[in-house]
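Trainee: Before we start, here is the structure in question, set down as structure tokens.
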Amino acid sequence: MSEAGAPVRRGAGRPTREQAAARHEELLDTALDLFLENGFDVTTVEMIASRVNMTKRTIYARYPDKSALFLAAVHRAVDGQIVPREVLEGFDSGDLTRTLESVARLRIDQVMTPNGLRLQRIINTEGYRFPEIFVANYERSAGPVIDFVAGVLDRAIADGTIAPIDTDQAARAFMSMVVGGQVRSIVAGRPPSAAQLEERVGFTVRLLLDGLRPR
């Protein structure tokens, strides 16, 4: 601080590593917003550079073309949806119904965040052009959750709670039934209320488990 109490401003020069990282994140966030607003074809690097107050030369120094910038922006959004393994394990209460309900709520809540909505909408609109973003979203975001649910179901089979099944297929069905339907409504701009969400998650989890009980 100066004697007058005003903050001392950093002089012009090379930005710190933290400043450079923050500017890069701002670039990718802004790029994704513009790709979503205007579509891939209409959005230009010049538009992105202008919005983020950055030169095209600076952007091209890092990304050789618009496609590379687009993919980097989407991958950043995917990274924001990754659930750490320890978070998933924290949901494993020993009660199968509660565990599955907790996982479902987590995934639905993620989609309702600004980052989650952007990611789902950009995949829906540009996935035909860049199918690799489907793969990235599955392998790094959805896939680990499916693997976790399959492991929970494996233990439920071992203790006799549910009948022997293909747990990978069951976990995928769980994600489609419990999460997929809600995600479609949310992305379409019709998010369920908190009460509706609780009712739908509980009903679908019970429906799934009723079909898996030993006969």
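Ordering of the structure tokens sets the chain letters (A, B, ...), residue numbers begin anew at 1 in every chain, and ligands are numbered from 1 in the order given.
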Quick check for you: according to DSSP on this backbone, which residues of stretch 125-189 of chain A are classed as helix (DSSP H, G or I)? Reply as a count of residues only.

Mentor: 50

Trainee: Go through A:Leu119, A:Leu209, A:Val78, A:Val145 one by one, measure the shortest atom-to-atom distance of each to A:Phe91 using only C-alpha atoms, and give the residue with the smallest value.

Mentor: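 Selected residue with least distance to A:Phe91: A:Val145.
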
Trainee: Would you kindly return, as a ChimeraX atom specification, each protein, DNA or RNA residue with an atom no farther than 7 Å from any atom of stretch 114-118 of chain A, considering only C-alpha atoms and excluding same-chain residues fewer than 4 positions away?

Mentor: /A:77,81,110,122,187

Trainee: Given the selection you just returned, output its residues as a file containing N, CA, C and O atoms, formatted as a CSV table (one decimal), in the first residue's frame.

Mentor:
chain,number,residue,atom,x,y,z
A,77,ALA,N,-14.4,-27.3,-19.8
A,77,ALA,CA,-15.8,-27.5,-19.2
A,77,ALA,C,-16.0,-28.9,-18.7
A,77,ALA,O,-16.6,-29.1,-17.6
A,81,GLN,N,-16.6,-30.8,-14.6
A,81,GLN,CA,-17.6,-31.8,-14.2
A,81,GLN,C,-17.1,-33.1,-13.6
A,81,GLN,O,-17.9,-33.9,-13.2
A,110,GLN,N,-25.0,-31.0,-10.9
A,110,GLN,CA,-23.9,-30.6,-11.8
A,110,GLN,C,-24.4,-30.0,-13.1
A,110,GLN,O,-23.9,-28.9,-13.5
A,122,ILE,N,-23.5,-27.3,-25.6
A,122,ILE,CA,-22.5,-27.3,-26.6
A,122,ILE,C,-22.3,-28.7,-27.2
A,122,ILE,O,-22.1,-28.9,-28.4
A,187,VAL,N,-31.8,-28.9,-19.6
A,187,VAL,CA,-31.1,-28.3,-20.8
A,187,VAL,C,-32.2,-27.6,-21.7
A,187,VAL,O,-31.9,-26.6,-22.3

Trainee: Closest to A:Leu96 among A:Val183, A:Ala156, A:Leu36, A:Ala188, using only C-alpha atoms?

Mentor: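 Nearest candidate to A:Leu96 out of A:Val183, A:Ala156, A:Leu36, A:Ala188: A:Ala156.
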
Trainee: Would you please work out which residue, of A:Arg51, A:Arg17, A:Arg105, A:Arg85, is nearest to A:Phe148 when using only C-alpha atoms?

Mentor: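 Nearest candidate to A:Phe148 out of A:Arg51, A:Arg17, A:Arg105, A:Arg85: A:Arg85.
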
Trainee: Could you jot down the atom CA of A:Leu27 to atom CA of A:Phe70 separation for me, Å, one decimal place?

Mentor: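 Separation of atom CA of A:Leu27 and atom CA of A:Phe70: 10.7 Å.
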